[in-house]
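Okay, input.cif now, which holds mmCIF, C-alpha atoms and all ligand atoms:
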```
data_data
loop_
_atom_site.label_atom_id
_atom_site.label_comp_id
_atom_site.auth_asym_id
_atom_site.auth_seq_id
_atom_site.Cartn_x
_atom_site.Cartn_y
_atom_site.Cartn_z
CA MET A 1 -18.83 -55.82 43.89
CA ALA A 2 -21.51 -54.81 41.40
CA PHE A 3 -21.51 -56.13 37.85
CA VAL A 4 -23.26 -55.52 34.58
CA LEU A 5 -24.33 -58.55 32.59
CA VAL A 6 -23.61 -57.79 28.96
CA LEU A 7 -25.28 -59.80 26.23
CA ASN A 8 -24.22 -59.68 22.60
CA SER A 9 -26.63 -61.93 20.83
CA GLY A 10 -25.50 -62.48 17.24
CA SER A 11 -26.81 -64.42 14.30
CA SER A 12 -25.38 -67.76 15.39
CA SER A 13 -23.77 -66.88 18.70
CA ILE A 14 -24.24 -65.18 22.04
CA LYS A 15 -21.31 -63.58 23.74
CA PHE A 16 -21.90 -62.78 27.39
CA GLN A 17 -19.86 -61.21 30.13
CA LEU A 18 -20.22 -60.24 33.72
CA VAL A 19 -18.33 -56.96 33.71
CA ASP A 20 -17.24 -54.60 36.46
CA PRO A 21 -18.03 -51.28 34.73
CA ASN A 22 -15.09 -49.70 36.57
CA GLN A 23 -12.53 -52.19 35.27
CA SER A 24 -9.81 -51.11 32.87
CA ALA A 25 -10.08 -51.94 29.17
CA THR A 26 -7.63 -54.83 29.40
CA ASP A 27 -8.84 -56.34 32.72
CA LYS A 28 -10.52 -59.70 32.38
CA PRO A 29 -14.23 -59.78 33.18
CA GLU A 30 -15.46 -61.81 36.19
CA VAL A 31 -17.19 -64.19 33.80
CA SER A 32 -17.07 -64.42 30.05
CA GLY A 33 -18.65 -66.88 27.76
CA LEU A 34 -19.68 -67.79 24.30
CA VAL A 35 -22.57 -69.76 22.92
CA GLU A 36 -21.51 -70.90 19.46
CA GLN A 37 -23.05 -72.50 16.40
CA VAL A 38 -26.66 -71.86 17.40
CA GLY A 39 -28.82 -73.74 14.92
CA GLU A 40 -25.99 -76.01 13.75
CA PRO A 41 -26.07 -79.79 14.34
CA LEU A 42 -23.58 -79.38 17.18
CA GLY A 43 -23.05 -76.18 19.17
CA ALA A 44 -20.83 -75.32 22.10
CA ILE A 45 -21.05 -73.26 25.28
CA THR A 46 -17.86 -72.01 26.83
CA VAL A 47 -17.87 -70.21 30.18
CA LYS A 48 -14.75 -68.77 31.76
CA VAL A 49 -14.92 -68.12 35.49
CA ARG A 50 -11.77 -66.66 37.08
CA GLY A 51 -9.36 -68.59 34.87
CA GLU A 52 -11.36 -71.82 34.90
CA GLU A 53 -12.95 -72.78 31.59
CA ILE A 54 -16.08 -74.91 31.39
CA ARG A 55 -17.05 -76.19 27.97
CA GLU A 56 -20.09 -78.14 26.90
CA GLU A 57 -20.79 -79.36 23.39
CA LEU A 58 -24.45 -79.92 22.60
CA PRO A 59 -27.03 -79.05 19.98
CA ILE A 60 -28.32 -75.51 20.62
CA PRO A 61 -31.49 -75.07 18.55
CA THR A 62 -32.26 -71.49 19.62
CA HIS A 63 -30.68 -68.51 21.35
CA ALA A 64 -33.05 -69.08 24.28
CA ASP A 65 -31.72 -72.60 24.78
CA GLY A 66 -28.15 -71.36 24.68
CA LEU A 67 -28.66 -68.48 27.11
CA GLU A 68 -30.60 -70.57 29.62
CA ARG A 69 -27.92 -73.24 29.65
CA ALA A 70 -25.18 -70.60 29.96
CA PHE A 71 -26.94 -69.07 32.99
CA GLY A 72 -27.21 -72.60 34.41
CA ILE A 73 -23.46 -73.18 34.05
CA MET A 74 -22.74 -69.79 35.67
CA HIS A 75 -25.08 -70.66 38.56
CA ASP A 76 -23.34 -74.01 39.09
CA HIS A 77 -20.15 -72.03 39.70
CA GLY A 78 -21.74 -69.50 42.05
CA VAL A 79 -21.62 -66.62 39.57
CA GLY A 80 -25.04 -66.82 37.95
CA PRO A 81 -26.88 -63.52 37.49
CA THR A 82 -28.95 -64.31 40.60
CA ASP A 83 -25.90 -65.25 42.70
CA VAL A 84 -23.92 -62.01 42.41
CA GLU A 85 -25.03 -58.36 42.43
CA VAL A 86 -26.03 -57.42 38.88
CA THR A 87 -27.03 -53.75 38.61
CA ALA A 88 -27.97 -53.75 34.94
CA VAL A 89 -28.14 -55.95 31.87
CA GLY A 90 -26.67 -54.32 28.78
CA HIS A 91 -27.84 -55.61 25.43
CA ARG A 92 -26.06 -54.92 22.18
CA VAL A 93 -28.74 -54.03 19.63
CA VAL A 94 -27.66 -53.69 16.04
CA HIS A 95 -30.23 -51.30 14.54
CA GLY A 96 -31.52 -48.24 16.32
CA GLY A 97 -33.15 -46.68 13.28
CA ARG A 98 -33.73 -42.92 13.45
CA LEU A 99 -35.30 -43.14 16.89
CA PHE A 100 -32.41 -44.34 18.96
CA SER A 101 -29.35 -42.16 19.06
CA GLU A 102 -28.73 -42.98 22.74
CA PRO A 103 -28.91 -46.14 24.87
CA GLN A 104 -32.45 -46.94 26.06
CA LEU A 105 -33.97 -48.48 29.15
CA ILE A 106 -35.84 -51.48 27.74
CA MET A 107 -39.56 -51.44 28.45
CA ASP A 108 -42.15 -53.41 26.45
CA GLN A 109 -42.61 -50.45 24.14
CA ILE A 110 -38.89 -50.23 23.39
CA GLU A 111 -38.87 -53.96 22.72
CA SER A 112 -41.59 -53.63 20.12
CA MET A 113 -39.83 -50.64 18.56
CA ILE A 114 -36.72 -52.81 18.18
CA GLU A 115 -38.96 -55.47 16.66
CA ASP A 116 -40.30 -52.93 14.18
CA LEU A 117 -36.71 -52.36 13.04
CA ILE A 118 -36.18 -56.04 12.09
CA PRO A 119 -36.64 -55.33 8.37
CA LEU A 120 -33.64 -53.01 8.55
CA ALA A 121 -31.36 -55.63 10.17
CA PRO A 122 -32.82 -59.03 9.32
CA LEU A 123 -29.65 -60.88 10.31
CA HIS A 124 -29.21 -59.31 13.74
CA ASN A 125 -32.21 -57.57 15.34
CA PRO A 126 -34.19 -60.83 15.76
CA ALA A 127 -31.24 -62.41 17.52
CA ASN A 128 -30.82 -59.30 19.71
CA LEU A 129 -34.51 -59.46 20.60
CA ASP A 130 -34.24 -63.15 21.51
CA GLY A 131 -31.50 -62.25 23.95
CA ILE A 132 -33.54 -59.37 25.40
CA ARG A 133 -36.70 -61.45 25.86
CA VAL A 134 -35.02 -64.45 27.44
CA ALA A 135 -32.91 -62.27 29.74
CA ARG A 136 -35.83 -60.03 30.78
CA ALA A 137 -37.91 -63.10 31.60
CA LEU A 138 -35.09 -64.59 33.67
CA LEU A 139 -34.08 -61.30 35.35
CA PRO A 140 -37.21 -59.12 35.57
CA ASP A 141 -36.09 -56.99 38.54
CA ILE A 142 -32.94 -55.56 36.95
CA PRO A 143 -32.89 -52.68 34.45
CA HIS A 144 -32.16 -53.90 30.94
CA VAL A 145 -30.53 -51.41 28.61
CA ALA A 146 -30.28 -51.49 24.83
CA VAL A 147 -27.05 -50.06 23.42
CA PHE A 148 -27.36 -49.43 19.70
CA ASP A 149 -24.68 -50.10 17.15
CA THR A 150 -25.87 -47.20 15.06
CA ALA A 151 -25.65 -44.44 17.70
CA PHE A 152 -22.03 -43.37 17.10
CA PHE A 153 -22.83 -42.55 13.46
CA ASN A 154 -25.91 -40.47 14.17
CA GLN A 155 -24.13 -37.17 13.67
CA MET A 156 -22.36 -37.86 10.38
CA PRO A 157 -22.29 -34.95 7.93
CA PRO A 158 -25.26 -35.06 5.52
CA ALA A 159 -22.99 -35.58 2.50
CA ALA A 160 -21.88 -38.89 4.00
CA ALA A 161 -25.13 -39.84 5.73
CA LEU A 162 -27.50 -39.34 2.81
CA TYR A 163 -27.76 -41.29 -0.42
CA ALA A 164 -28.08 -39.75 -3.86
CA ILE A 165 -31.60 -41.02 -4.35
CA ASN A 166 -34.92 -39.23 -4.65
CA ARG A 167 -35.23 -36.90 -1.67
CA GLU A 168 -38.94 -37.45 -0.96
CA VAL A 169 -38.64 -41.24 -1.06
CA ALA A 170 -35.55 -41.15 1.15
CA SER A 171 -37.24 -38.86 3.63
CA GLU A 172 -40.52 -40.79 3.76
CA TYR A 173 -38.80 -44.14 4.37
CA ASP A 174 -35.93 -42.87 6.53
CA ILE A 175 -33.39 -44.08 4.01
CA ARG A 176 -29.95 -42.97 5.09
CA ARG A 177 -26.58 -44.37 6.05
CA TYR A 178 -26.92 -45.38 9.70
CA GLY A 179 -23.65 -47.29 10.11
CA PHE A 180 -23.05 -50.18 12.52
CA HIS A 181 -20.41 -51.48 14.94
CA GLY A 182 -20.55 -47.94 16.38
CA THR A 183 -19.85 -49.05 19.95
CA SER A 184 -16.67 -50.73 18.77
CA HIS A 185 -15.50 -47.91 16.47
CA GLU A 186 -16.15 -45.42 19.29
CA PHE A 187 -14.40 -47.51 21.95
CA VAL A 188 -11.34 -48.25 19.81
CA SER A 189 -11.03 -44.75 18.35
CA GLN A 190 -11.15 -43.21 21.83
CA GLN A 191 -7.96 -45.08 22.75
CA VAL A 192 -5.98 -43.93 19.72
CA PRO A 193 -5.20 -40.34 20.78
CA GLY A 194 -3.60 -41.74 23.96
CA LEU A 195 -1.48 -44.17 21.91
CA LEU A 196 -0.44 -41.33 19.61
CA GLY A 197 0.09 -38.80 22.39
CA ARG A 198 -2.24 -36.46 20.51
CA ASP A 199 -5.12 -34.25 21.50
CA PRO A 200 -8.36 -36.19 20.76
CA ASN A 201 -9.74 -33.00 19.22
CA HIS A 202 -6.93 -33.00 16.67
CA THR A 203 -6.83 -36.66 15.73
CA ARG A 204 -7.95 -37.96 12.36
CA GLN A 205 -8.21 -41.68 12.03
CA ILE A 206 -9.55 -44.73 10.24
CA THR A 207 -10.86 -47.66 12.27
CA LEU A 208 -11.34 -51.10 10.72
CA HIS A 209 -13.66 -53.44 12.61
CA LEU A 210 -13.04 -56.78 10.92
CA GLY A 211 -15.06 -59.56 12.51
CA ASN A 212 -17.54 -61.84 10.84
CA GLY A 213 -19.31 -58.61 10.00
CA ALA A 214 -16.86 -55.91 8.95
CA SER A 215 -16.91 -52.14 8.68
CA ALA A 216 -14.61 -49.18 8.25
CA ALA A 217 -15.05 -45.73 9.76
CA ALA A 218 -13.44 -42.35 9.15
CA ILE A 219 -13.28 -40.32 12.35
CA ALA A 220 -12.20 -36.70 12.67
CA ASN A 221 -11.69 -35.25 16.14
CA GLY A 222 -13.87 -37.86 17.84
CA ARG A 223 -16.71 -37.60 15.37
CA ALA A 224 -17.54 -40.16 12.69
CA ILE A 225 -17.54 -38.51 9.26
CA ASP A 226 -18.11 -41.61 7.17
CA THR A 227 -18.61 -45.34 7.53
CA SER A 228 -18.90 -48.28 5.19
CA MET A 229 -22.17 -49.82 6.37
CA GLY A 230 -25.40 -48.15 5.36
CA LEU A 231 -29.14 -48.43 5.90
CA THR A 232 -28.39 -52.03 6.82
CA PRO A 233 -25.19 -53.88 7.76
CA LEU A 234 -25.08 -55.32 4.24
CA ALA A 235 -23.12 -52.44 2.71
CA GLY A 236 -19.42 -51.74 2.44
CA LEU A 237 -16.65 -54.27 2.92
CA ALA A 238 -16.89 -57.89 1.78
CA MET A 239 -17.65 -59.84 4.97
CA GLY A 240 -17.95 -63.37 6.32
CA THR A 241 -21.34 -64.03 4.73
CA ARG A 242 -22.42 -60.60 3.39
CA SER A 243 -21.60 -59.25 -0.03
CA GLY A 244 -20.75 -55.71 1.01
CA ASP A 245 -21.11 -53.12 -1.76
CA ILE A 246 -22.53 -54.42 -5.02
CA ASP A 247 -24.19 -52.71 -7.94
CA PRO A 248 -27.86 -52.36 -6.85
CA GLY A 249 -28.72 -53.27 -10.44
CA ILE A 250 -27.69 -56.85 -9.62
CA ILE A 251 -30.88 -57.13 -7.55
CA PHE A 252 -33.10 -56.12 -10.51
CA HIS A 253 -31.14 -58.49 -12.73
CA LEU A 254 -31.72 -61.41 -10.33
CA VAL A 255 -35.44 -60.62 -10.09
CA ARG A 256 -35.86 -60.39 -13.86
CA GLU A 257 -33.47 -63.09 -15.09
CA ALA A 258 -33.32 -65.61 -12.22
CA GLY A 259 -36.88 -65.07 -11.03
CA MET A 260 -35.63 -64.77 -7.46
CA SER A 261 -37.89 -63.36 -4.75
CA ILE A 262 -36.85 -60.46 -2.54
CA ASP A 263 -36.46 -62.87 0.41
CA GLU A 264 -34.24 -65.15 -1.65
CA ILE A 265 -32.03 -62.25 -2.69
CA ASP A 266 -31.95 -60.96 0.89
CA ASN A 267 -30.79 -64.39 2.04
CA LEU A 268 -28.29 -64.65 -0.81
CA LEU A 269 -26.66 -61.30 -0.06
CA ASN A 270 -26.80 -61.46 3.76
CA ARG A 271 -26.07 -65.12 4.45
CA GLU A 272 -24.66 -66.83 1.36
CA SER A 273 -22.31 -64.22 -0.04
CA GLY A 274 -19.06 -62.60 1.03
CA VAL A 275 -16.15 -64.90 1.81
CA LYS A 276 -18.56 -67.79 2.42
CA GLY A 277 -20.31 -67.35 -0.91
CA LEU A 278 -16.98 -67.40 -2.72
CA SER A 279 -15.14 -70.12 -0.81
CA GLY A 280 -17.70 -72.09 1.19
CA VAL A 281 -16.39 -70.93 4.60
CA ASN A 282 -16.79 -67.70 6.54
CA ASP A 283 -14.26 -68.34 9.31
CA PHE A 284 -10.89 -66.82 8.46
CA ARG A 285 -9.00 -69.59 10.23
CA GLU A 286 -10.60 -72.11 7.85
CA LEU A 287 -10.09 -69.78 4.90
CA ARG A 288 -6.41 -69.58 5.80
CA ARG A 289 -6.11 -73.37 5.96
CA MET A 290 -7.73 -73.64 2.53
CA ILE A 291 -5.37 -71.03 1.08
CA ASP A 292 -2.43 -72.97 2.50
CA GLU A 293 -3.77 -76.02 0.66
CA GLU A 294 -3.84 -73.91 -2.52
CA ASP A 295 -7.63 -73.81 -2.81
CA GLN A 296 -8.26 -71.36 -5.66
CA ASP A 297 -11.74 -70.30 -4.46
CA ALA A 298 -10.37 -69.45 -1.02
CA TRP A 299 -7.53 -67.47 -2.60
CA LEU A 300 -9.96 -65.49 -4.76
CA ALA A 301 -12.28 -64.84 -1.79
CA TYR A 302 -9.33 -63.53 0.19
CA ASN A 303 -8.19 -61.26 -2.63
CA ILE A 304 -11.66 -59.79 -3.11
CA TYR A 305 -11.84 -59.18 0.66
CA ILE A 306 -8.47 -57.39 0.64
CA HIS A 307 -9.25 -55.43 -2.52
CA GLN A 308 -12.47 -54.10 -1.01
CA LEU A 309 -10.71 -53.21 2.24
CA ARG A 310 -8.03 -51.25 0.38
CA ARG A 311 -10.70 -49.34 -1.56
CA PHE A 312 -12.24 -48.09 1.68
CA ILE A 313 -8.93 -47.29 3.31
CA GLY A 314 -7.97 -45.23 0.25
CA SER A 315 -11.24 -43.35 0.06
CA TYR A 316 -11.20 -42.50 3.77
CA MET A 317 -7.66 -41.19 3.53
CA ILE A 318 -8.92 -38.74 0.93
CA ALA A 319 -12.09 -37.94 2.92
CA LEU A 320 -10.01 -37.16 6.02
CA GLY A 321 -7.27 -35.29 4.18
CA ARG A 322 -4.72 -36.05 6.88
CA VAL A 323 -4.67 -39.39 8.68
CA ASP A 324 -2.88 -39.86 12.00
CA ALA A 325 -3.73 -43.51 12.53
CA ILE A 326 -5.29 -46.61 11.01
CA THR A 327 -6.48 -49.15 13.58
CA PHE A 328 -7.47 -52.80 13.20
CA THR A 329 -9.87 -54.47 15.60
CA ALA A 330 -12.27 -57.43 16.08
CA GLY A 331 -11.71 -61.16 15.38
CA VAL A 332 -9.98 -60.92 12.01
CA GLY A 333 -8.41 -57.49 12.60
CA GLU A 334 -6.88 -58.51 15.93
CA ASN A 335 -5.69 -61.96 14.89
CA ASP A 336 -5.07 -62.27 11.18
CA THR A 337 -1.57 -60.90 10.56
CA GLU A 338 -1.83 -61.38 6.81
CA VAL A 339 -5.04 -59.39 6.43
CA ARG A 340 -3.33 -56.45 8.16
CA GLN A 341 -0.18 -56.71 6.07
CA ASP A 342 -1.92 -57.23 2.74
CA SER A 343 -4.48 -54.47 3.24
CA LEU A 344 -1.68 -51.95 3.84
CA TYR A 345 0.85 -53.45 1.44
CA ASN A 346 3.01 -51.02 -0.53
CA LEU A 347 1.46 -47.79 0.75
CA ASP A 348 4.71 -46.11 1.82
CA MET A 349 4.14 -43.28 -0.63
CA TYR A 350 0.99 -42.47 1.37
CA GLY A 351 2.94 -42.30 4.61
CA ILE A 352 2.10 -45.81 5.83
CA HIS A 353 5.32 -47.54 6.88
CA PHE A 354 4.19 -50.98 7.96
CA ASP A 355 6.40 -52.88 10.43
CA LYS A 356 6.26 -56.57 9.47
CA GLU A 357 8.01 -57.75 12.63
CA ALA A 358 5.78 -55.76 14.98
CA ASN A 359 2.76 -57.06 13.07
CA LEU A 360 3.65 -60.63 14.05
CA VAL A 361 3.70 -59.94 17.80
CA ARG A 362 0.76 -61.62 19.53
CA SER A 363 -0.77 -59.64 22.37
CA LYS A 364 -4.08 -58.72 23.96
CA GLU A 365 -2.81 -55.17 24.50
CA PRO A 366 -3.12 -52.26 22.09
CA ARG A 367 0.03 -52.12 19.97
CA MET A 368 1.66 -50.28 17.10
CA ILE A 369 2.42 -52.21 13.90
CA SER A 370 3.89 -49.35 11.88
CA THR A 371 7.40 -48.05 12.30
CA ALA A 372 7.80 -45.41 15.01
CA ASP A 373 8.51 -42.71 12.39
CA SER A 374 5.64 -43.66 10.08
CA PRO A 375 3.62 -40.49 9.31
CA VAL A 376 0.46 -42.62 9.52
CA LYS A 377 0.66 -44.87 12.57
CA VAL A 378 -0.97 -48.29 12.38
CA PHE A 379 -2.38 -49.96 15.49
CA VAL A 380 -4.09 -53.11 16.62
CA VAL A 381 -6.49 -52.22 19.42
CA PRO A 382 -8.56 -55.09 20.80
CA THR A 383 -12.14 -53.98 20.96
CA ASN A 384 -14.06 -54.23 24.23
CA GLU A 385 -17.66 -53.63 23.26
CA GLU A 386 -18.77 -55.37 26.45
CA LEU A 387 -17.02 -52.85 28.69
CA ALA A 388 -18.35 -49.96 26.61
CA ILE A 389 -21.88 -51.41 26.84
CA ALA A 390 -21.48 -52.03 30.58
CA GLN A 391 -20.54 -48.40 31.17
CA LYS A 392 -23.47 -47.10 29.15
CA ALA A 393 -25.88 -49.58 30.81
CA THR A 394 -24.69 -48.48 34.25
CA VAL A 395 -25.58 -44.84 33.56
CA ILE A 396 -29.07 -45.70 32.28
CA GLY A 397 -29.62 -48.32 35.01
CA ASP A 398 -28.74 -45.80 37.74
CA MET A 399 -31.12 -43.26 36.21
CA ALA A 400 -33.91 -45.87 36.20
CA ARG A 401 -33.34 -46.58 39.89
CA GLU A 402 -33.26 -42.88 40.76
CA ALA A 403 -36.58 -42.52 38.92
CA GLY A 404 -37.99 -45.26 41.19
CA LEU A 405 -38.52 -47.76 38.36
CA PHE A 406 -36.30 -50.38 40.00
CA ASN A 407 -35.11 -51.03 43.56
P1 LIG B 1 -18.43 -61.00 15.21
O1 LIG B 1 -18.43 -60.28 16.54
O2 LIG B 1 -18.63 -60.13 14.03
O3 LIG B 1 -19.23 -62.26 15.18
P2 LIG B 1 -15.66 -61.49 15.79
O4 LIG B 1 -15.15 -60.13 16.01
O5 LIG B 1 -15.73 -62.41 16.96
O6 LIG B 1 -17.00 -61.50 14.98
O7 LIG B 1 -14.77 -62.17 14.66
C1 LIG B 1 -15.10 -63.38 14.08
C2 LIG B 1 -14.10 -63.65 12.97
O8 LIG B 1 -12.78 -63.54 13.51
C3 LIG B 1 -14.23 -65.02 12.35
O9 LIG B 1 -14.19 -64.95 10.94
C4 LIG B 1 -12.99 -65.73 12.86
O10 LIG B 1 -12.49 -66.68 12.03
C5 LIG B 1 -12.01 -64.61 12.98
N1 LIG B 1 -10.91 -65.02 13.85
C6 LIG B 1 -10.95 -65.29 15.15
N2 LIG B 1 -9.75 -65.71 15.59
C7 LIG B 1 -8.94 -65.70 14.51
C8 LIG B 1 -7.57 -66.04 14.28
N3 LIG B 1 -6.80 -66.48 15.27
N4 LIG B 1 -7.08 -65.87 13.03
C9 LIG B 1 -7.84 -65.44 12.04
N5 LIG B 1 -9.13 -65.12 12.18
C10 LIG B 1 -9.68 -65.25 13.40
#
```
What's the structure tokens form of this structure?
Amino acid sequence: MAFVLVLNSGSSSIKFQLVDPNQSATDKPEVSGLVEQVGEPLGAITVKVRGEEIREELPIPTHADGLERAFGIMHDHGVGPTDVEVTAVGHRVVHGGRLFSEPQLIMDQIESMIEDLIPLAPLHNPANLDGIRVARALLPDIPHVAVFDTAFFNQMPPAAALYAINREVASEYDIRRYGFHGTSHEFVSQQVPGLLGRDPNHTRQITLHLGNGASAAAIANGRAIDTSMGLTPLAGLAMGTRSGDIDPGIIFHLVREAGMSIDEIDNLLNRESGVKGLSGVNDFRELRRMIDEEDQDAWLAYNIYIHQLRRFIGSYMIALGRVDAITFTAGVGENDTEVRQDSLYNLDMYGIHFDKEANLVRSKEPRMISTADSPVKVFVVPTNEELAIAQKATVIGDMAREAGLFN
């Protein structure tokens, strides 16, 4: 059987999977794993091979260290990337800028173009590049494909994609709303018409990708018409460590009054803000524990998070005019029952009849958490970005082989 190795190299983690691109959305991959807490005093590598879980706890200074050790563990179990047939390596890349509206075969030139985009995604593109470089060095004879998080939002209407700032400046510096988490919003939104029994070309929906990073998207008939992230992944919802939308004047204020440098403000807003900046933690399981212990900072952080989420849900309902479904996905969206309930609390007059009992059901399958007669259906749909990336990487990988670039 042929597999695609999918790498999702994040700011402090690397998720990896060996995926059969022909598997169904809910099938388990051959191998899945997670490198966690890169750069922390103690990290962990977890590899799951056909039901067996191998876990090692060790300091992981860099992404390269984590990935090499993960490949080593896979090899020890006979499923390393050199032990089984791997037809392509699919890399999740956060920022594709204006250049990349489609997945790309990674050559040196593409790698340096991704590097050039680091200023637009300072939290993620460097980590993505680390993953690409280590993997290309370890697996030079396999096509590597970059799948960009921005691609799904490339065709947004100008009124949503462009900012109300000076046109010449915006045009010269490619300032526009790119949007992120596109692979996930696309993958999840494509399943919703089937769950609704509706024609995909007549389905209007809101998707909420709530992980450590978080974004909302408004999608009409398969096409994104608005999204909460912008030029960078800093915009929109309050997130694990990012502020989400703030008054841009705050930046001028911090420069003038606090004497902060641009890098300091960048770090403040990207890494030390959001839920973490308010409560000290960015993991929702910890936040929940703190709330249970009546920690006031945690409670405030949670309320700001929910308030911001409700603002976007409301504005996208108006942007779409008619909404058939609202769907939660990613770590928080799939697991945190209270976030789902509180973000849609008391919206019956807008046609959202939330089903509290259904919301408490734990499952890996897509499921409805509104009442069956709710005009706006609410779903939880586990995202599978790895499968989506594997499918895209397979297409590009096959083209590269047909072009004689790989054997
Ligand atoms: P990303 O891909 O953006 O790094 P994920 O989609 O993996 O993030 O989501 C990470 C977030 O999901 C973390 O804040 C984590 O606490 C949260 N999460 C994971 N499992 C649970 C759970 N059981 N309950 C609440 N939150 C959870």
**Prompt:** What does the distance between atom C5 of ligand LIG 1 (chain B) and atom CA of A:Pro382 come to in Å, to one decimal place?
**Reply:**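 One can read the atom C5 of ligand LIG 1 (chain B) to atom CA of A:Pro382 distance as 12.8 Å.
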**Request:** Dump the neighbourhood of ligand LIG 1 (chain B) as a list in words: all residues within 6 Å, distances computed on only C-alpha atoms and all ligand atoms.
**Result:**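 Listing the residues within 6 Å of ligand LIG 1 (chain B) gives Gly211, Asn212, Gly213, Asn282, Asp283, Phe284, Arg285, Ala330, Gly331, Val332, Asn335 and Asp336 of chain A.
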**Request:** Between atom CA of A:Val86 and atom CA of A:Thr62, measure the distance and give it in Å to one decimal.
**Result:**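 One can read the atom CA of A:Val86 to atom CA of A:Thr62 distance as 24.7 Å.
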**Message:** One decimal, in Å: what's the spacing between atom CA of A:Val380 and atom CA of A:Gln17?
**Reply:** 22.3 Å
**Message:** Which residue is closest to A:Pro103? Choose from A:Ile318, A:Met74, A:Ala390, A:Val378 and count all atoms listed in the file.
**Reply:**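 Closest candidate: A:Ala390.
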**Request:** Check the smallest atom-to-atom distance from each of A:Thr337, A:Asn166, A:Gln37, A:Asn221 to A:Val323 using only C-alpha atoms, then report the winner.
**Result:** A:Asn221
Expected answer as a compact mmCIF listing (two decimals) with C-alpha atoms, keeping the file's coordinate frame: all residues with atoms within 12 Å of (-23.8, -35.8, 4.9), all atoms listed in the file:
```txt
# COMPACT_ATOMS: atom_id res chain seq x y z
CA PHE A 153 -22.83 -42.55 13.46
CA ASN A 154 -25.91 -40.47 14.17
CA GLN A 155 -24.13 -37.17 13.67
CA MET A 156 -22.36 -37.86 10.38
CA PRO A 157 -22.29 -34.95 7.93
CA PRO A 158 -25.26 -35.06 5.52
CA ALA A 159 -22.99 -35.58 2.50
CA ALA A 160 -21.88 -38.89 4.00
CA ALA A 161 -25.13 -39.84 5.73
CA LEU A 162 -27.50 -39.34 2.81
CA TYR A 163 -27.76 -41.29 -0.42
CA ALA A 164 -28.08 -39.75 -3.86
CA ARG A 176 -29.95 -42.97 5.09
CA ARG A 177 -26.58 -44.37 6.05
CA TYR A 178 -26.92 -45.38 9.70
CA ALA A 224 -17.54 -40.16 12.69
CA ILE A 225 -17.54 -38.51 9.26
CA ASP A 226 -18.11 -41.61 7.17
CA THR A 227 -18.61 -45.34 7.53
```
**Asked** Which residue, A:Glu102, A:Ser9, A:Ala220, A:Val93, has the smallest gap to A:Leu320 when you use only C-alpha atoms?
**Response**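 Checking each candidate against A:Leu320, we get A:Ala220 as the closest.
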**Message:** Nearest residue to A:Val381 out of A:Arg242, A:His91, A:His185, A:Arg310, using only C-alpha atoms?
**Reply:** A:His185
**Message:** Calculated over all atoms listed in the file, which of the candidates A:Ala217, A:Leu138, A:Leu254, A:Ile106 has the smallest distance to A:Ile326?
**Reply:**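 Smallest distance to A:Ile326 is found for A:Ala217.
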Size and centre in Å, one decimal, axis-aligned box, all listed stretch 195-198 of chain A atoms plus 4 Å per side, as AutoDock Vina command-line options:
```
--center_x -1.1 --center_y -40.3 --center_z 21.0 --size_x 10.3 --size_y 15.7 --size_z 10.8
```
Which residues come within 12 Å of A:Pro140, counting only C-alpha atoms, excluding same-chain residues fewer than 4 positions away, as a short mmCIF file (atom, residue, chain, number, x, y, z; two decimals) with C-alpha atoms, in the coordinates of the input?
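Contents of selection37.cif, freshly written:
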```
data_model
loop_
_atom_site.label_atom_id
_atom_site.label_comp_id
_atom_site.auth_asym_id
_atom_site.auth_seq_id
_atom_site.Cartn_x
_atom_site.Cartn_y
_atom_site.Cartn_z
CA PRO A 81 -26.88 -63.52 37.49
CA THR A 82 -28.95 -64.31 40.60
CA VAL A 86 -26.03 -57.42 38.88
CA THR A 87 -27.03 -53.75 38.61
CA ALA A 88 -27.97 -53.75 34.94
CA VAL A 89 -28.14 -55.95 31.87
CA ILE A 106 -35.84 -51.48 27.74
CA MET A 107 -39.56 -51.44 28.45
CA ASP A 108 -42.15 -53.41 26.45
CA ILE A 132 -33.54 -59.37 25.40
CA ARG A 133 -36.70 -61.45 25.86
CA VAL A 134 -35.02 -64.45 27.44
CA ALA A 135 -32.91 -62.27 29.74
CA ARG A 136 -35.83 -60.03 30.78
CA HIS A 144 -32.16 -53.90 30.94
CA LEU A 405 -38.52 -47.76 38.36
CA PHE A 406 -36.30 -50.38 40.00
CA ASN A 407 -35.11 -51.03 43.56
#
```
**Request:** Please tell me which residues are no farther than 10 Å from (-22.3, -55.3, 18.4) in the file, counting all atoms listed in the file, and write them as number ranges by chain.
**Result:** A: 7-10, 15, 91-95, 124, 128, 147-150, 180-184, 213, 385-386, 389
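Omitting A:Val339 and its sequence neighbours fewer than 4 positions away, and counting only C-alpha atoms, the residues within 9 Å are Tyr302, Tyr305, Ile306, Val332, Gly333, Asn335, Ser343 and Leu344 of chain A.
Proximity of A:Asp348, A:Glu172, A:Glu402, A:Asp324 to A:Gly197, computed with all atoms listed in the file, is greatest for A:Asp324.
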**Message:** Please list as a PyMOL selection string every residue within 9 Å of A:Ile369, counting only C-alpha atoms and excluding residues in the same chain fewer than 4 positions away.
**Reply:** chain A and resi 353-361+377-380
Those residues with C-alpha atoms, as a short mmCIF file (atom, residue, chain, number, x, y, z; two decimals), keeping the file's coordinate frame please?
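That gives us result.cif:
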```cif
data_model
loop_
_atom_site.label_atom_id
_atom_site.label_comp_id
_atom_site.auth_asym_id
_atom_site.auth_seq_id
_atom_site.Cartn_x
_atom_site.Cartn_y
_atom_site.Cartn_z
CA HIS A 353 5.32 -47.54 6.88
CA PHE A 354 4.19 -50.98 7.96
CA ASP A 355 6.40 -52.88 10.43
CA LYS A 356 6.26 -56.57 9.47
CA GLU A 357 8.01 -57.75 12.63
CA ALA A 358 5.78 -55.76 14.98
CA ASN A 359 2.76 -57.06 13.07
CA LEU A 360 3.65 -60.63 14.05
CA VAL A 361 3.70 -59.94 17.80
CA LYS A 377 0.66 -44.87 12.57
CA VAL A 378 -0.97 -48.29 12.38
CA PHE A 379 -2.38 -49.96 15.49
CA VAL A 380 -4.09 -53.11 16.62
#
```
